[in-house]
Number of protein chains: 2
Amino acid sequence: MLVYQIRPGAYYDSVVLMQLQRALASLPNVVDAGVVMATPANKEILAANNLLPAPAEDTAKPDDLLIVIHAADEPSAQAALAQVDDLLRQRRSGGGDAGFRPKSLATAAKQLPTADWVLVSVPGRFAAGVAEEALDLGKHVLLYSDNVPLADEIRLKQKARERGLLLMGPDCGTAIIHGIGLGFANRVQRGHIGLVGASGTGLQAITAAIHNLGGGVSHAIGTGGRDLKAEVGGITALQALQALANDPATQTIVLVSKPPSAEVAVRLLAAAWHTGKPVVVQFIGYPPPGRRVGNLHFATSLQEAAETAVELGQGTGDEGRGTNDQGQMTNLRALFSGGTLAYELLLCLQPFLTNLHSNIPIQPSQKLADVWRSVGHTVLDLGEDEFTQGRLHPMMDNDLRLRRLRQEAADPTVSLILLDVVLGEGAHPDPASELAPAIAQVARDGLQVAAVVIGTEQDPQDTAAQIAQLEAVGVRVFRTVNQLVEWVVARLLPPPVAQDWPAIQLGQSLSALNVGVASFYESLQAQGTTAVQVDWRPPAGGNEKLMAILAKMKGG
Amino acid sequence: MLVYQIRPGAYYDSVVLMQLQRALASLPNVVDAGVVMATPANKEILAANNLLPAPAEDTAKPDDLLIVIHAADEPSAQAALAQVDDLLRQRRSGGGDAGFRPKSLATAAKQLPTADWVLVSVPGRFAAGVAEEALDLGKHVLLYSDNVPLADEIRLKQKARERGLLLMGPDCGTAIIHGIGLGFANRVQRGHIGLVGASGTGLQAITAAIHNLGGGVSHAIGTGGRDLKAEVGGITALQALQALANDPATQTIVLVSKPPSAEVAVRLLAAAWHTGKPVVVQFIGYPPPGRRVGNLHFATSLQEAAETAVELGQGTGDEGRGTNDQGQMTNLRALFSGGTLAYELLLCLQPFLTNLHSNIPIQPSQKLADVWRSVGHTVLDLGEDEFTQGRLHPMMDNDLRLRRLRQEAADPTVSLILLDVVLGEGAHPDPASELAPAIAQVARDGLQVAAVVIGTEQDPQDTAAQIAQLEAVGVRVFRTVNQLVEWVVARLLPPPVAQDWPAIQLGQSLSALNVGVASFYESLQAQGTTAVQVDWRPPAGGNEKLMAILAKMKGG
C-alpha cells in the first residue's frame, strides 16, 4: 500500500529530510518510506525500492518535496502521512541549542568578525551565490556543495585569487586548517606535513595514515575535484602550494589528486619543484616518473604517500632537493639507440615539459610529424624500424646518430643533446671512439651533451674507459635514466611563474561561519573552535521563477 | 660532385655495407659516402645528407644496392666508385677465420648437435622462413630481425609453444641464457634473478644494474616488443614465466615491458602471481597498483626494478607472498562512499580483473551502462553526483548504501561485497551501528564482506569500537585500500590456467647456431661458448620474383 504527497517548491535541509524519512519508516505498520526532493536521480532510487507511485513519477518536479509511505494497510499509511507536519516541527532545527542565529552571512560576519572562513553546503544551484557573498566579505571559502556549474567555479576562483583568498571546491569535502577539520576530516595530531588535494577521501586517507604512523599535519587544503582540469588550471592548488611553501610550520608537502590534465600537471609539478620543500606527489593512476625527481617524491598509493611524507620528516631521503638552474627555456634533443630507454626518458620528462615530441609518442599529441625533423623538445628512438630498415642497429652503427647529432647541434634553439650508450656483447666495440670526436666537433657555447651509459665493468668495451672518453669532451655522464632526467629537469624547468596575486594569509587560528549542513557547525563546536551557523533559506523559498525575478530586480 | 651506382637485386649483410661505406668515405678527396639498400627510409637519410642524386631517387628500388659518392671532383668520385668491387672482396667475410661454414641451418645443426638455440638476424622478409626452419629442427629461436609480419609472429609462436620451444622476438635484441648473452647483452654475474622482458634495452638496463648492485642473473628472456599486444597474447612471456617458475636456479623474477594490452596484463599478472616466487613488475608507464600486491612488487623505473629484485634476494620484503585461495570466480561489488578510495580500488583491481565496471571508469570499457544495476565486478562511488543530488553524502546517510547492499547480496553471483567506512568529523556519528545489522541480515553462505576503515583513534566515532562492531558480524576489516586489494586478489584471481603445452627445457648450458649478423657469432665465441655461423644467402639472391617462383615450385 503506497500513499504519497507532493509539496511543491518546498525547501528543507537534507538532514531534515533524512530524519523525517527515518521517523516515518519507524511508525507502526510502515514498511518503508521515502522523503526526497523529486529529482530524476531520486525518483530512480525510489523506483528501485518500489517507492514510486506511477502518478508521482510524472507530476513531481525537481523543486518539489516528494513523501512516499509504504505501509501494511491504508489507514497506517495515511496515519503516517498525517504526522509529517508534526515530525517536521520536531525536527532538529540546525545548530543545536544555539541562541540568536543570523539569517544572512553579512550579519553572521558581524557577529563573529574573527571568522576568516565560510563553509558553504547549500544545494548546488544556490551555492555559487553564497560563496561569492563570502568572498565579497573577504573570507576563505570551503564550498562543499556539488552540482555547481564549471563557469561559476572558474569565475569564483579567479575572484578569490585576486583577493588573496582560497576557494576550496566546489565538491570539496575536507580540509584541516590550524588543526581544525572543516567538513569531513579525521582528527589528527598537528605537525609539519602540509597537504593539497583535489581528492576528499584521498586527503582523509593520507592524513589519517600520517597520524597513525606518528606524524602530524600542519594544514590540509582541498581544492575540489575539478580544480586540476585544464579549464580551471589548478588555480586553488597553485595558491595552496604557495601558501604551504610560505608557511614556516610546513616542512614537507603532499600533493594528491586523480590524474590532472597534462598541462596542469606540468604547471603543478613546476610549482611543487620551486617550493624548495620535499613534495610527495600522488596523482592516483598517473604513471610516475620514477620514485624521486629532485625534491619531488612520487608515491603509488595513498598509504605510501603518507609513509613517504612521514619518512621525509625524519630526515631520511630529502637529500637531492631540486635546485633550479634558472636556465633559459631552450630545446632538448635526445638521440637514443635503446627503445625502452627512450620510452622511459619520454615518460619521465612528460610530467615536466610541454612541447615534447617523439617518434615513439606516449600521448598522441607528442607524435612527431616528420621523424627527420625535430620540433621543440624531441626524444628519438633511432632503433625504430623507420631508421633501421636495411641497415644495422644504432647500437652497432653510429653513422645515423652522428649525422643526426650534427643536425641537432646546428639548430641554435637546441641547448641539450642527450644520448644513450649501451655497452655489452653485440654492441659496437668502442662507441665512445666515434661519439666523442663528433661531440667535440659540434661543441659550442650554450650546448650541453649528456649521456646515460648502460654497462658493467665486465663488458668487453671497458665501461670506465668509455665514460672517461665521453667526459673528456665535456659530456655529463649518468648511469640511469632517472639521474639524467633529474639533471635535465633542473635545466629546463621554467623559473617560478611571477605570481601576480596576493599571498594567502592562513592566520594563526581558525573560526568559521557555516551555511548549510548543520552537523558541520556542530563538528566545529565539538572541536572547540568558535563558529556561527547561518539560518540560511533559499531566496524566494527556492522557487526558480521568483529567484529569476529577484535577480532581475537586483540587477536593474 | 655526386656520382652513384645502382646494383639491382644485390644482397649484402648490413655489416658489409657499413664497412664499405666507411672505406669509401675515407678515400682521398671523398667528402661523404652512402651505401644502402634503396628503401624509402634509406633514401630519406641520403637526401637529408645531400647524398641523393635526383635520378637515383626515382630509379633505385628497395631491392637495389645504392652506392653514392660525394667527392671534391669527378675523377676522385669515379676512382672511389671503381674501388667498390675490390673493397667488397676485402670485406670481412663473416665469422672471422673459421674453417668450413655450413650453407644451411640443417647442416649447421648436424655440425653442432648440442646447439639448442638459433639466432636469426637476416633481413625481415626472410626471417620468418629461417625461424620456422629452426623450430622444425627443434631449436629455441632468438629472432633479432624486425619488419616481420604480425601474422608470421603469431603462427611461429603458436608452433613454438606446441613444441615446448621459445620463440623470442621478432625484434628481440637481447637474452641471457645460462650466463651467455645472445644478441645485445651486458656481461653480468650469474645469480638467482630471472627476467622476462618485452623490452630490449629495458632488460639490458635492469640486468646491468642488478650486476652493478651486486646481484646476479639466472636467465633473461626477451619476448619481442609485440608479444604483449592483444593479438599475440603474451605467448612467449607466459612460456618464459613458466620456465622461470620451474627453474630451481631462479628465486626472484623480474617482468619488464612497455604497457601491455589490458587483457594481456591481467593474464600475465595472474601467471606471475601463480609462480609463487617474488615477481618484480615494471610495466613502464602503466600506473602501478601500489608497491606490492601479494608476491608482486611494482617498480616505477628500470633502476628501481633492479634494486627491488636485489633487495628481495636478500630476504627483505618477500614476506606476504601471494597465496591463492583457489576460490570460485564470482563477482565482487564495492559500495564506497569515498570517491578517491573507490578510484584507488578500481585502479588497483584493474591489472588483475577483467569484467570490471564502475560509475567512475578509468578505462571507457569499464563504464557501467546503468549505475543502478551492477554487472560482473562493479566498483561504485556512491558519493558521485548521480547518487547525491538533493540528499546527504553517503558518509553521513547510509540509506542508499544499505539499500544497495541488500540488492547486491540478493544477487547469487556475488561472493564479495566491499565497503569503505570513513570516520572523522562531519561523518556519520556511528556508521557501524547501521552497517553491521544490515550486513548480519544479508549473511549467507558464499558471501564475504570486507571493509576498509579510514580513521584515527582520536576520531569522535571511536575507531576501535567501529571495527569491533563490524568484525562481530564477520566483516574482514582492513586499514588501507592496498591491504584490501591483496585480500580480494587472492580470492578472485582465477586459478592457474591449465597449460596444455610442453614445458620449456632450458638445458644445462648454451650453444647456438647464428644466421645473419656475424658479430653475434663472434660475441658467442668471445664468451667461450660453442657456436656455428651459417653462411646464409637469401633464396634466389633476394630477388622477390624468383623467390615467389621458388616458393610456388616448393608448394607444388
# chains A, B, ... in the order shown; residues from 1 in each chain; ligands from 1
call {"tool": "interface_residues", "arguments": {"of": "chain A", "to": "chain B", "cutoff": "7 Å", "atoms": "only C-alpha atoms", "output": "JSON, numbers by chain"}}
result
{"A": [14, 15, 36, 37, 41, 181, 183, 184, 185, 186, 187, 188, 199, 200, 201, 202, 205, 208, 212, 284, 285, 286, 287, 288, 289, 290, 291, 300, 301, 303, 338, 339, 340, 341, 344, 347, 386, 387, 390, 391, 392, 423, 424, 425, 426, 427, 454, 455, 456, 458, 459, 480, 519, 520, 523]}
call {"tool": "select_by_dssp", "arguments": {"residues": "segment 262-441 of chain B", "states": "alpha helix (DSSP H)", "output": "ChimeraX atom specification"}}
result
/B:262-274,302-313,339-349,385-388,399-409,431-441
call {"tool": "atom_distance", "arguments": {"atom1": "atom CA of Leu335 of chain B", "atom2": "atom CA of Leu268 of chain B"}}
result
28.1 Å
call {"tool": "select_by_dssp", "arguments": {"residues": "segment 152-303 of chain A", "states": "strand (DSSP E or B)", "output": "VMD selection string"}}
result
chain A and resid 167 to 168 174 to 177 180 to 183 185 190 to 198 217 to 222 252 to 257 279 to 283 292 to 293 296 to 298
call {"tool": "residues_around", "arguments": {"residues": "Ala79 of chain B", "least_positions_apart": "3", "cutoff": "12 Å", "atoms": "only C-alpha atoms", "output": "list in words"}}
result
Val3, Tyr4, Leu24, Leu27, Pro28, Asn29, Val30, Ile69, His70, Ala71, Ala72, Asp73, Glu74, Pro75, Ser76, Ala82, Gln83, Val84, Asp85 and Asp86 of chain B
call {"tool": "atom_distance", "arguments": {"atom1": "atom CA of Asp445 of chain A", "atom2": "atom CA of Ala271 of chain A"}}
result
29.2 Å
call {"tool": "atom_distance", "arguments": {"atom1": "atom CA of Arg267 of chain A", "atom2": "atom CA of Val379 of chain A"}}
result
20.9 Å
call {"tool": "residues_around", "arguments": {"residues": "Ala109 of chain A", "least_positions_apart": "5", "cutoff": "12 Å", "atoms": "only C-alpha atoms", "output": "ChimeraX atom specification"}}
result
/A:101-104,114-118,133-139,511-515,531-534
call {"tool": "closest_residue", "arguments": {"among": "B:Val475, B:Ala245, B:Ile6, B:Leu296", "to": "Val489 of chain B", "atoms": "only C-alpha atoms"}}
result
B:Leu296
